[in-house]
$ cat protein_1.txt   # compact mmCIF, C-alpha atoms and all ligand atoms
# COMPACT_ATOMS: atom_id res chain seq x y z
CA MET A 20 160.49 130.11 105.71
CA LEU A 21 161.40 128.87 109.15
CA ILE A 22 158.76 128.91 111.82
CA ASN A 23 160.38 128.84 115.24
CA MET A 24 157.86 127.71 117.82
CA LYS A 25 158.10 129.01 121.38
CA PRO A 26 159.78 126.56 123.81
CA ASP A 27 156.43 126.09 125.60
CA ALA A 28 154.30 125.73 122.42
CA THR A 29 151.67 123.02 122.78
CA GLN A 30 151.22 120.09 120.39
CA LYS A 31 147.91 121.64 119.33
CA GLU A 32 149.65 124.89 118.36
CA ILE A 33 152.33 122.98 116.45
CA THR A 34 149.72 120.94 114.58
CA HIS A 35 147.82 124.11 113.70
CA VAL A 36 150.95 125.71 112.21
CA ILE A 37 151.71 122.55 110.18
CA GLU A 38 148.17 122.55 108.80
CA ARG A 39 148.34 126.24 107.89
CA ILE A 40 151.69 125.69 106.10
CA LYS A 41 150.07 122.98 103.99
CA GLU A 42 147.00 125.14 103.32
CA CYS A 43 149.34 127.88 102.04
CA GLY A 44 150.71 125.44 99.47
CA TYR A 45 154.01 124.43 101.13
CA GLN A 46 155.47 121.24 102.56
CA ALA A 47 156.06 121.26 106.31
CA HIS A 48 159.27 119.68 107.67
CA THR A 49 159.21 119.47 111.44
CA ILE A 50 162.41 119.36 113.44
CA GLN A 51 162.08 118.49 117.09
CA GLY A 52 164.99 120.09 118.92
CA ASN A 53 165.83 119.73 122.61
CA GLU A 54 164.38 123.12 123.45
CA ARG A 55 161.85 123.86 120.77
CA THR A 56 160.19 122.71 117.58
CA VAL A 57 161.24 124.35 114.32
CA ILE A 58 159.10 123.92 111.22
CA GLY A 59 160.52 124.49 107.75
CA ALA A 60 158.00 125.53 105.09
CA VAL A 61 159.38 124.81 101.64
CA GLY A 62 158.02 124.49 98.15
CA LEU A 63 157.16 126.29 94.98
CA ASN A 64 154.29 128.68 94.34
CA GLY A 65 152.97 128.87 97.88
CA ARG A 66 151.22 131.90 99.32
CA GLY A 67 154.16 133.57 101.06
CA ALA A 68 152.30 136.50 102.57
CA GLU A 69 149.92 134.16 104.41
CA LEU A 70 152.89 132.19 105.68
CA GLU A 71 154.48 135.34 107.11
CA ALA A 72 151.20 136.08 108.87
CA LEU A 73 151.74 132.92 110.95
CA GLN A 74 153.87 135.20 113.10
CA ALA A 75 150.59 136.02 114.85
CA ALA A 76 149.58 132.38 115.44
CA PRO A 77 149.57 131.07 119.01
CA GLY A 78 152.81 129.37 120.02
CA VAL A 79 154.89 130.95 117.23
CA GLU A 80 157.97 132.90 118.27
CA THR A 81 159.40 133.99 114.91
CA VAL A 82 158.92 133.46 111.19
CA VAL A 83 162.18 134.00 109.33
CA PRO A 84 163.13 133.52 105.69
CA ILE A 85 165.69 130.83 104.83
CA THR A 86 168.24 133.00 103.10
CA HIS A 87 169.92 130.34 100.92
CA PRO A 88 168.57 128.68 97.78
CA PHE A 89 168.96 125.34 99.57
CA LYS A 90 166.46 125.10 102.39
CA LEU A 91 166.25 121.73 104.11
CA VAL A 92 170.01 121.23 104.16
CA SER A 93 170.58 124.71 105.58
CA ARG A 94 172.14 124.99 109.02
CA GLN A 95 169.49 127.60 109.80
CA LEU A 96 167.08 124.69 110.08
CA ARG A 97 169.20 122.63 112.50
CA PRO A 98 171.83 124.87 114.09
CA ARG A 99 173.26 122.01 116.14
CA GLY A 100 173.96 119.77 113.17
CA THR A 101 172.61 116.37 112.21
CA VAL A 102 173.87 113.05 113.50
CA ILE A 103 173.33 110.05 111.23
CA ASP A 104 173.40 106.67 112.93
CA VAL A 105 174.53 103.68 110.90
CA GLY A 106 174.41 100.76 113.30
CA LYS A 107 176.69 101.84 116.13
CA VAL A 108 178.50 104.40 113.99
CA ARG A 109 177.53 108.03 114.54
CA LEU A 110 178.29 110.29 111.58
CA GLY A 111 178.40 113.90 112.75
CA GLY A 112 178.40 112.87 116.39
CA GLY A 113 181.70 114.54 117.30
CA ASP A 114 184.15 111.63 116.96
CA PRO A 115 185.73 111.30 113.51
CA VAL A 116 184.42 108.33 111.53
CA VAL A 117 186.82 106.49 109.22
CA ILE A 118 185.52 104.52 106.26
CA ALA A 119 188.23 102.42 104.65
CA GLY A 120 188.57 99.72 102.04
CA PRO A 121 189.51 99.08 98.45
CA CYS A 122 188.45 101.24 95.54
CA SER A 123 187.01 98.13 93.89
CA VAL A 124 186.05 94.80 95.38
CA GLU A 125 188.29 92.46 93.36
CA SER A 126 187.92 89.11 95.10
CA ARG A 127 186.63 87.58 98.30
CA GLU A 128 190.19 87.22 99.68
CA GLN A 129 191.21 90.78 98.80
CA LEU A 130 188.12 92.20 100.47
CA LEU A 131 188.24 90.04 103.60
CA GLU A 132 191.93 90.65 104.14
CA THR A 133 191.37 94.40 103.82
CA ALA A 134 188.24 94.37 105.98
CA ARG A 135 189.99 92.51 108.81
CA ALA A 136 193.00 94.83 108.70
CA VAL A 137 191.06 98.10 108.58
CA LYS A 138 188.82 96.89 111.39
CA ALA A 139 191.86 96.03 113.52
CA ALA A 140 193.31 99.45 112.76
CA GLY A 141 190.17 101.17 114.05
CA ALA A 142 188.12 101.90 110.91
CA ASN A 143 184.41 102.30 111.61
CA MET A 144 183.01 101.28 108.23
CA LEU A 145 184.08 99.35 105.15
CA ARG A 146 184.04 100.73 101.61
CA GLY A 147 184.38 98.84 98.34
CA GLY A 148 183.04 99.42 94.85
CA ALA A 149 180.89 96.76 93.19
CA TYR A 150 179.73 98.92 90.28
CA LYS A 151 182.58 101.14 89.16
CA PRO A 152 182.28 104.39 87.21
CA ARG A 153 185.40 104.16 85.02
CA THR A 154 186.55 106.77 82.56
CA SER A 155 187.37 104.10 79.98
CA PRO A 156 184.99 101.29 78.99
CA TYR A 157 188.07 99.04 78.75
CA ASP A 158 188.91 99.41 82.45
CA PHE A 159 187.69 97.06 85.19
CA GLN A 160 184.00 97.76 85.71
CA GLY A 161 183.47 95.98 89.04
CA LEU A 162 182.15 92.55 89.99
CA GLY A 163 178.54 93.67 90.53
CA ILE A 164 176.40 91.33 92.63
CA GLU A 165 179.32 89.01 93.35
CA ALA A 166 181.09 91.97 95.00
CA LEU A 167 177.95 92.79 97.00
CA GLU A 168 177.98 89.21 98.32
CA PHE A 169 181.63 89.60 99.39
CA LEU A 170 180.75 92.87 101.13
CA LYS A 171 177.94 91.10 102.98
CA LYS A 172 180.35 88.42 104.09
CA ALA A 173 182.91 91.00 105.23
CA ARG A 174 180.25 92.83 107.24
CA ALA A 175 179.11 89.58 108.87
CA GLU A 176 182.67 88.75 109.85
CA THR A 177 183.90 92.16 111.01
CA GLY A 178 180.67 93.91 112.03
CA LEU A 179 181.68 96.91 109.90
CA PRO A 180 178.76 98.58 108.10
CA VAL A 181 179.28 98.72 104.35
CA VAL A 182 179.35 101.68 101.95
CA THR A 183 179.19 101.03 98.23
CA GLU A 184 178.33 103.03 95.14
CA VAL A 185 175.05 102.88 93.30
CA MET A 186 175.75 103.95 89.75
CA SER A 187 172.44 103.60 88.02
CA GLU A 188 168.74 103.76 88.71
CA THR A 189 168.38 100.12 87.75
CA ASP A 190 170.78 99.00 90.51
CA VAL A 191 169.18 100.89 93.38
CA ASP A 192 167.14 97.98 94.76
CA VAL A 193 169.94 95.45 94.73
CA VAL A 194 172.52 97.84 96.20
CA ALA A 195 170.07 98.96 98.88
CA GLU A 196 169.50 95.31 99.80
CA TYR A 197 173.19 94.78 100.56
CA ALA A 198 174.63 98.15 101.57
CA ASP A 199 174.24 100.06 104.82
CA VAL A 200 175.06 103.35 103.08
CA LEU A 201 174.64 104.06 99.36
CA GLN A 202 177.34 106.16 97.75
CA VAL A 203 176.46 108.55 94.94
CA GLY A 204 179.69 108.97 93.05
CA ALA A 205 181.08 112.30 91.93
CA ARG A 206 179.99 111.72 88.34
CA ASN A 207 176.37 111.20 89.42
CA MET A 208 176.03 114.11 91.84
CA GLN A 209 173.62 115.87 89.51
CA ASN A 210 171.87 112.79 88.17
CA PHE A 211 168.55 114.13 89.35
CA SER A 212 166.48 111.12 88.38
CA LEU A 213 168.82 108.89 90.43
CA LEU A 214 168.64 111.34 93.34
CA ARG A 215 164.83 111.33 93.21
CA ILE A 216 164.79 107.55 93.50
CA LEU A 217 167.35 107.54 96.30
CA ALA A 218 165.21 110.04 98.18
CA GLN A 219 162.72 107.19 98.63
CA VAL A 220 165.23 104.56 99.75
CA PRO A 221 165.42 103.79 103.47
CA ARG A 222 169.22 104.00 103.58
CA PRO A 223 171.64 106.86 104.28
CA ILE A 224 173.23 108.38 101.19
CA LEU A 225 176.88 109.42 100.89
CA LEU A 226 176.78 112.22 98.31
CA LYS A 227 180.13 112.97 96.74
CA ARG A 228 180.83 116.37 95.26
CA ARG A 229 181.19 116.50 91.49
CA PRO A 230 184.70 117.70 90.58
CA SER A 231 183.29 120.76 88.79
CA ALA A 232 180.37 121.51 91.11
CA THR A 233 180.15 124.63 93.21
CA VAL A 234 179.29 124.24 96.88
CA LYS A 235 175.84 125.65 96.09
CA GLU A 236 175.22 123.03 93.37
CA TRP A 237 176.39 120.29 95.74
CA LEU A 238 174.06 121.41 98.50
CA LEU A 239 171.19 121.72 96.03
CA ALA A 240 171.84 118.13 94.95
CA ALA A 241 171.55 117.15 98.63
CA GLU A 242 168.35 119.19 98.78
CA TYR A 243 166.83 116.81 96.18
CA LEU A 244 167.36 113.95 98.62
CA LEU A 245 165.96 115.75 101.66
CA SER A 246 163.00 117.30 99.87
CA GLY A 247 162.17 113.90 98.39
CA GLY A 248 162.02 112.35 101.85
CA ASN A 249 165.52 111.06 102.71
CA GLU A 250 166.99 113.10 105.54
CA ARG A 251 169.98 110.83 106.11
CA VAL A 252 172.52 112.43 103.81
CA VAL A 253 176.28 112.63 104.35
CA LEU A 254 178.31 114.92 102.12
CA CYS A 255 181.77 114.01 100.85
CA GLU A 256 184.40 116.39 99.46
CA ARG A 257 186.56 114.35 97.07
CA GLY A 258 188.58 116.98 95.25
CA ILE A 259 187.76 119.34 92.42
CA LYS A 260 189.26 120.06 89.02
CA THR A 261 191.70 122.95 89.00
CA PHE A 262 194.60 123.96 86.72
CA GLU A 263 196.94 121.80 88.84
CA THR A 264 198.11 118.64 87.14
CA GLU A 265 200.56 117.26 89.73
CA THR A 266 197.65 116.00 91.80
CA ARG A 267 194.66 114.11 90.38
CA ASN A 268 192.24 116.59 91.97
CA THR A 269 192.53 119.47 94.42
CA LEU A 270 191.03 118.59 97.80
CA ASP A 271 188.94 121.66 98.57
CA LEU A 272 189.52 122.11 102.29
CA SER A 273 187.78 125.47 102.38
CA ALA A 274 184.64 123.79 101.02
CA ILE A 275 184.65 121.48 104.04
CA ALA A 276 184.77 124.41 106.45
CA LEU A 277 182.20 126.31 104.38
CA VAL A 278 179.76 123.42 104.18
CA LYS A 279 179.97 122.98 107.95
CA GLU A 280 178.93 126.63 108.20
CA LEU A 281 176.15 126.46 105.62
CA SER A 282 174.65 123.06 106.29
CA HIS A 283 173.72 120.84 109.21
CA LEU A 284 174.69 117.67 107.31
CA PRO A 285 177.81 115.68 108.26
CA VAL A 286 180.74 116.11 105.85
CA LEU A 287 183.46 113.60 105.06
CA ALA A 288 186.71 114.10 103.17
CA ASP A 289 188.16 111.70 100.62
CA PRO A 290 191.89 112.41 100.55
CA SER A 291 192.47 109.43 98.23
CA HIS A 292 190.55 110.76 95.23
CA GLY A 293 191.22 114.29 96.48
CA THR A 294 194.93 113.94 95.72
CA GLY A 295 195.42 110.76 93.69
CA ARG A 296 198.71 110.16 95.55
CA ARG A 297 199.08 107.88 98.52
CA SER A 298 201.96 109.96 99.92
CA LEU A 299 199.60 112.90 100.38
CA VAL A 300 196.79 110.98 102.07
CA PRO A 301 198.07 111.30 105.68
CA ALA A 302 198.68 115.07 105.50
CA MET A 303 195.35 115.71 103.81
CA SER A 304 193.52 113.45 106.29
CA LYS A 305 194.81 115.57 109.17
CA ALA A 306 194.11 118.80 107.31
CA ALA A 307 190.53 117.76 106.52
CA LEU A 308 189.80 116.86 110.15
CA SER A 309 191.28 120.19 111.22
CA ALA A 310 189.01 121.93 108.70
CA GLY A 311 186.02 120.39 110.44
CA ALA A 312 185.36 117.17 108.52
CA ASP A 313 183.29 114.63 110.45
CA GLY A 314 185.37 111.80 109.07
CA LEU A 315 187.38 110.34 106.22
CA ILE A 316 186.90 107.82 103.45
CA ILE A 317 190.21 106.25 102.52
CA GLU A 318 191.19 103.71 99.87
CA VAL A 319 193.18 100.78 101.24
CA HIS A 320 194.45 97.71 99.35
CA PRO A 321 196.56 94.74 100.52
CA CYS A 322 198.82 95.18 97.47
CA PRO A 323 198.24 98.58 95.83
CA GLU A 324 200.58 97.79 92.94
CA ARG A 325 198.18 95.04 91.86
CA ALA A 326 194.97 97.04 92.39
CA LEU A 327 192.52 96.95 89.49
CA SER A 328 191.60 100.58 90.14
CA ASP A 329 193.17 103.53 91.95
CA GLY A 330 196.33 101.72 93.11
CA PRO A 331 198.48 104.89 93.14
CA GLN A 332 196.24 106.52 95.73
CA SER A 333 195.60 103.42 97.86
CA LEU A 334 197.37 102.88 101.17
CA ASP A 335 198.68 99.42 101.96
CA LEU A 336 197.56 97.79 105.21
CA PRO A 337 200.50 98.84 107.44
CA SER A 338 200.37 102.42 106.11
CA PHE A 339 196.68 102.63 106.94
CA ALA A 340 197.33 101.36 110.47
CA GLY A 341 200.16 103.91 110.75
CA LEU A 342 197.83 106.71 109.69
CA MET A 343 195.21 105.61 112.20
CA ARG A 344 197.91 105.68 114.87
CA GLU A 345 198.93 109.20 113.83
CA LEU A 346 195.31 110.28 113.95
CA ARG A 347 195.11 108.65 117.39
CA LEU A 348 192.19 106.54 116.20
CA LEU A 349 193.87 103.15 116.48
CA PRO A 350 192.33 101.10 119.28
CA ILE A 351 195.11 100.71 121.83
CA ALA A 352 194.24 97.16 122.89
CA THR A 353 194.05 95.67 119.39
CA PRO A 354 197.30 94.51 117.80
CA VAL A 355 197.67 95.78 114.22
CA GLY A 356 196.87 93.15 111.59
CA GLU A 357 194.67 91.05 113.86
CA ALA A 358 190.91 91.03 113.64
CA ALA A 359 189.22 92.30 116.79
C1 LIG B 1 185.28 105.84 94.46
O1 LIG B 1 184.91 106.15 95.61
O2 LIG B 1 185.97 104.85 94.21
C2 LIG B 1 184.95 106.76 93.36
C3 LIG B 1 184.87 106.34 92.12
O3 LIG B 1 184.80 108.03 93.80
P1 LIG B 1 184.42 109.37 93.01
O4 LIG B 1 183.00 109.20 92.59
O5 LIG B 1 184.63 110.43 94.04
O6 LIG B 1 185.37 109.51 91.84
MN MN B 2 188.47 104.88 93.66
$ encode --input "protein_1.txt" --output "structure tokens" --more "lines below"
Ligand code: PEP
Ligand code: MN
Amino acid sequence: MLINMKPDATQKEITHVIERIKECGYQAHTIQGNERTVIGAVGLNGRGAELEALQAAPGVETVVPITHPFKLVSRQLRPRGTVIDVGKVRLGGGDPVVIAGPCSVESREQLLETARAVKAAGANMLRGGAYKPRTSPYDFQGLGIEALEFLKKARAETGLPVVTEVMSETDVDVVAEYADVLQVGARNMQNFSLLRILAQVPRPILLKRRPSATVKEWLLAAEYLLSGGNERVVLCERGIKTFETETRNTLDLSAIALVKELSHLPVLADPSHGTGRRSLVPAMSKAALSAGADGLIIEVHPCPERALSDGPQSLDLPSFAGLMRELRLLPIATPVGEAA
């Protein structure tokens, strides 16, 4: 249920409603808007009839059911949308955010060269995998802590906040120590024990959609994070499995528009994994932003033909700068290829 307080409700009235929600067996999630306070009452096995009766409590304007199975991620709760601040970067703040970098961190030089170039081209954050979820156990698995150290160095030099994947419950502490944003990869979207742990971590989570997950399942996965205490969740559409084999995945643009309707959380698009082909990345980047995405996460490598993972979908450095220019996100004063 959503309890909409009147714009002039007093703190005492708000506190009373929160206490009653708890007495009825629900958790209370308070959202302080510009005009009014909204309180979400969520949970299992509460006394619903008593909650509805709060309609008569002082300071309450309306008590309305949350119509979707996901509650805390629902746009009903925050009609204006959520902005997630990562340093100076504002995800969901209106300006598109671009996260760029290699699929895998392969060496200090590869990462620093990429970080400097994407920064000069106007990227807002740096990505790079340290722990890689690979289909084959014989493929490059990532450099682990060494890669996290390189990411730290790249952040110190460029000022770009760092996004990297946490693959397993045992790596959460170390990844959280180094990363500004923790990525949950597509394969782990419904790893509920991992999500429960990440709900307790004081870092934003980038939650990728599993290639076979419905939008409802994806939003319910995000609900695990919010209901467990982590409200800083960014969704990422990275392509789904369809009958099409010419592309690696099918970037589900309608899901981006739909999620913006259903949820208040920021949504990014990953046109690299979403297509598997570098030639399609520019068109799909523009399409995703037109569909309402709050930003993009793009794989970039100084020499894609030598990449240890996802070379065919990685842009080289000039192509990334060219895309940023097309998107009108390249900083005008900064020459391409030079660190700012
Ligand atoms: C990645 O970002 O490199 C990655 C492995 O993504 P996904 O989980 O979407 O496949
Ligand atoms: Mn990749």
$ residues_near_ligand --input "protein_1.txt" --ligand "ligand MN 2 (chain B)" --cutoff "12 Å" --atoms "only C-alpha atoms and all ligand atoms" --output "short mmCIF file (atom, residue, chain, number, x, y, z; two decimals) with C-alpha atoms, in the frame of the given file"
data_model
loop_
_atom_site.label_atom_id
_atom_site.label_comp_id
_atom_site.auth_asym_id
_atom_site.auth_seq_id
_atom_site.Cartn_x
_atom_site.Cartn_y
_atom_site.Cartn_z
CA ALA A 119 188.23 102.42 104.65
CA GLY A 120 188.57 99.72 102.04
CA PRO A 121 189.51 99.08 98.45
CA CYS A 122 188.45 101.24 95.54
CA SER A 123 187.01 98.13 93.89
CA VAL A 124 186.05 94.80 95.38
CA ARG A 146 184.04 100.73 101.61
CA GLY A 147 184.38 98.84 98.34
CA GLY A 148 183.04 99.42 94.85
CA ALA A 149 180.89 96.76 93.19
CA TYR A 150 179.73 98.92 90.28
CA LYS A 151 182.58 101.14 89.16
CA PRO A 152 182.28 104.39 87.21
CA ARG A 153 185.40 104.16 85.02
CA THR A 154 186.55 106.77 82.56
CA PHE A 159 187.69 97.06 85.19
CA GLN A 160 184.00 97.76 85.71
CA GLY A 161 183.47 95.98 89.04
CA THR A 183 179.19 101.03 98.23
CA GLU A 184 178.33 103.03 95.14
CA GLN A 202 177.34 106.16 97.75
CA GLY A 204 179.69 108.97 93.05
CA ALA A 205 181.08 112.30 91.93
CA ARG A 257 186.56 114.35 97.07
CA ARG A 267 194.66 114.11 90.38
CA ASP A 289 188.16 111.70 100.62
CA PRO A 290 191.89 112.41 100.55
CA SER A 291 192.47 109.43 98.23
CA HIS A 292 190.55 110.76 95.23
CA GLY A 293 191.22 114.29 96.48
CA THR A 294 194.93 113.94 95.72
CA GLY A 295 195.42 110.76 93.69
CA ARG A 296 198.71 110.16 95.55
CA ILE A 316 186.90 107.82 103.45
CA ILE A 317 190.21 106.25 102.52
CA GLU A 318 191.19 103.71 99.87
CA VAL A 319 193.18 100.78 101.24
CA HIS A 320 194.45 97.71 99.35
CA PRO A 323 198.24 98.58 95.83
CA ALA A 326 194.97 97.04 92.39
CA LEU A 327 192.52 96.95 89.49
CA SER A 328 191.60 100.58 90.14
CA ASP A 329 193.17 103.53 91.95
CA GLY A 330 196.33 101.72 93.11
CA PRO A 331 198.48 104.89 93.14
CA GLN A 332 196.24 106.52 95.73
CA SER A 333 195.60 103.42 97.86
CA LEU A 334 197.37 102.88 101.17
#
$ residues_near_point --input "protein_1.txt" --point "(187.6, 115.1, 100.8)" --cutoff "12 Å" --atoms "all atoms listed in the file" --output "mmCIF file with C-alpha atoms, keeping the file's coordinate frame"
data_model
loop_
_atom_site.group_PDB
_atom_site.id
_atom_site.type_symbol
_atom_site.label_atom_id
_atom_site.label_comp_id
_atom_site.auth_asym_id
_atom_site.auth_seq_id
_atom_site.Cartn_x
_atom_site.Cartn_y
_atom_site.Cartn_z
ATOM 1 C CA ALA A 205 181.080 112.300 91.930
ATOM 2 C CA LEU A 226 176.780 112.220 98.310
ATOM 3 C CA LYS A 227 180.130 112.970 96.740
ATOM 4 C CA ARG A 228 180.830 116.370 95.260
ATOM 5 C CA ARG A 229 181.190 116.500 91.490
ATOM 6 C CA PRO A 230 184.700 117.700 90.580
ATOM 7 C CA LEU A 254 178.310 114.920 102.120
ATOM 8 C CA CYS A 255 181.770 114.010 100.850
ATOM 9 C CA GLU A 256 184.400 116.390 99.460
ATOM 10 C CA ARG A 257 186.560 114.350 97.070
ATOM 11 C CA GLY A 258 188.580 116.980 95.250
ATOM 12 C CA ILE A 259 187.760 119.340 92.420
ATOM 13 C CA ASN A 268 192.240 116.590 91.970
ATOM 14 C CA THR A 269 192.530 119.470 94.420
ATOM 15 C CA LEU A 270 191.030 118.590 97.800
ATOM 16 C CA ASP A 271 188.940 121.660 98.570
ATOM 17 C CA LEU A 272 189.520 122.110 102.290
ATOM 18 C CA SER A 273 187.780 125.470 102.380
ATOM 19 C CA ALA A 274 184.640 123.790 101.020
ATOM 20 C CA ILE A 275 184.650 121.480 104.040
ATOM 21 C CA ALA A 276 184.770 124.410 106.450
ATOM 22 C CA VAL A 278 179.760 123.420 104.180
ATOM 23 C CA VAL A 286 180.740 116.110 105.850
ATOM 24 C CA LEU A 287 183.460 113.600 105.060
ATOM 25 C CA ALA A 288 186.710 114.100 103.170
ATOM 26 C CA ASP A 289 188.160 111.700 100.620
ATOM 27 C CA PRO A 290 191.890 112.410 100.550
ATOM 28 C CA SER A 291 192.470 109.430 98.230
ATOM 29 C CA HIS A 292 190.550 110.760 95.230
ATOM 30 C CA GLY A 293 191.220 114.290 96.480
ATOM 31 C CA THR A 294 194.930 113.940 95.720
ATOM 32 C CA GLY A 295 195.420 110.760 93.690
ATOM 33 C CA VAL A 300 196.790 110.980 102.070
ATOM 34 C CA MET A 303 195.350 115.710 103.810
ATOM 35 C CA SER A 304 193.520 113.450 106.290
ATOM 36 C CA LYS A 305 194.810 115.570 109.170
ATOM 37 C CA ALA A 306 194.110 118.800 107.310
ATOM 38 C CA ALA A 307 190.530 117.760 106.520
ATOM 39 C CA LEU A 308 189.800 116.860 110.150
ATOM 40 C CA ALA A 310 189.010 121.930 108.700
ATOM 41 C CA GLY A 311 186.020 120.390 110.440
ATOM 42 C CA ALA A 312 185.360 117.170 108.520
ATOM 43 C CA ASP A 313 183.290 114.630 110.450
ATOM 44 C CA GLY A 314 185.370 111.800 109.070
ATOM 45 C CA LEU A 315 187.380 110.340 106.220
ATOM 46 C CA ILE A 316 186.900 107.820 103.450
ATOM 47 C CA ILE A 317 190.210 106.250 102.520
ATOM 48 C CA GLU A 318 191.190 103.710 99.870
#
$ residues_near_point --input "protein_1.txt" --point "(170.7, 105.9, 107.7)" --cutoff "7 Å" --atoms "only C-alpha atoms" --output "list in words"
Ile103, Asp104, Val105, Val200, Arg222, Pro223 and Arg251 of chain A
$ write_last_selection --input "protein_1.txt" --atoms "C-alpha atoms" --output "JSON list (two decimals), keeping the file's coordinate frame"
[["chain", "number", "residue", "atom", "x", "y", "z"],
["A", 103, "ILE", "CA", 173.33, 110.05, 111.23],
["A", 104, "ASP", "CA", 173.40, 106.67, 112.93],
["A", 105, "VAL", "CA", 174.53, 103.68, 110.90],
["A", 200, "VAL", "CA", 175.06, 103.35, 103.08],
["A", 222, "ARG", "CA", 169.22, 104.00, 103.58],
["A", 223, "PRO", "CA", 171.64, 106.86, 104.28],
["A", 251, "ARG", "CA", 169.98, 110.83, 106.11]]
$ closest_residue --input "protein_1.txt" --among "A:Leu96, A:Leu284, A:Leu167, A:Ile22" --to "A:Tyr197" --atoms "all atoms listed in the file"
A:Leu167
$ atom_distance --input "protein_1.txt" --atom1 "atom CA of A:Leu299" --atom2 "atom CA of A:Glu263"
14.8 Å
$ atom_distance --input "protein_1.txt" --atom1 "atom CA of A:Val182" --atom2 "atom CA of A:Asp199"
6.1 Å
$ residues_around --input "protein_1.txt" --residues "A:Gly67" --least-positions-apart "4" --cutoff "12 Å" --atoms "all atoms listed in the file" --output "list in words"
Met20, Leu21, Arg39, Ile40, Lys41, Glu42, Cys43, Gly44, Tyr45, Ala60, Val61, Gly62, Leu63, Glu71, Ala72, Leu73, Val82, Val83 and Pro84 of chain A
$ atom_distance --input "protein_1.txt" --atom1 "atom CA of A:Val194" --atom2 "atom CA of A:Ile224"
11.7 Å
$ axis_aligned_box --input "protein_1.txt" --around "ligand LIG 1 (chain B)" --padding-each-side "4 Å" --output "AutoDock Vina command-line options"
--center_x 184.5 --center_y 107.6 --center_z 93.7 --size_x 11.0 --size_y 13.6 --size_z 11.8
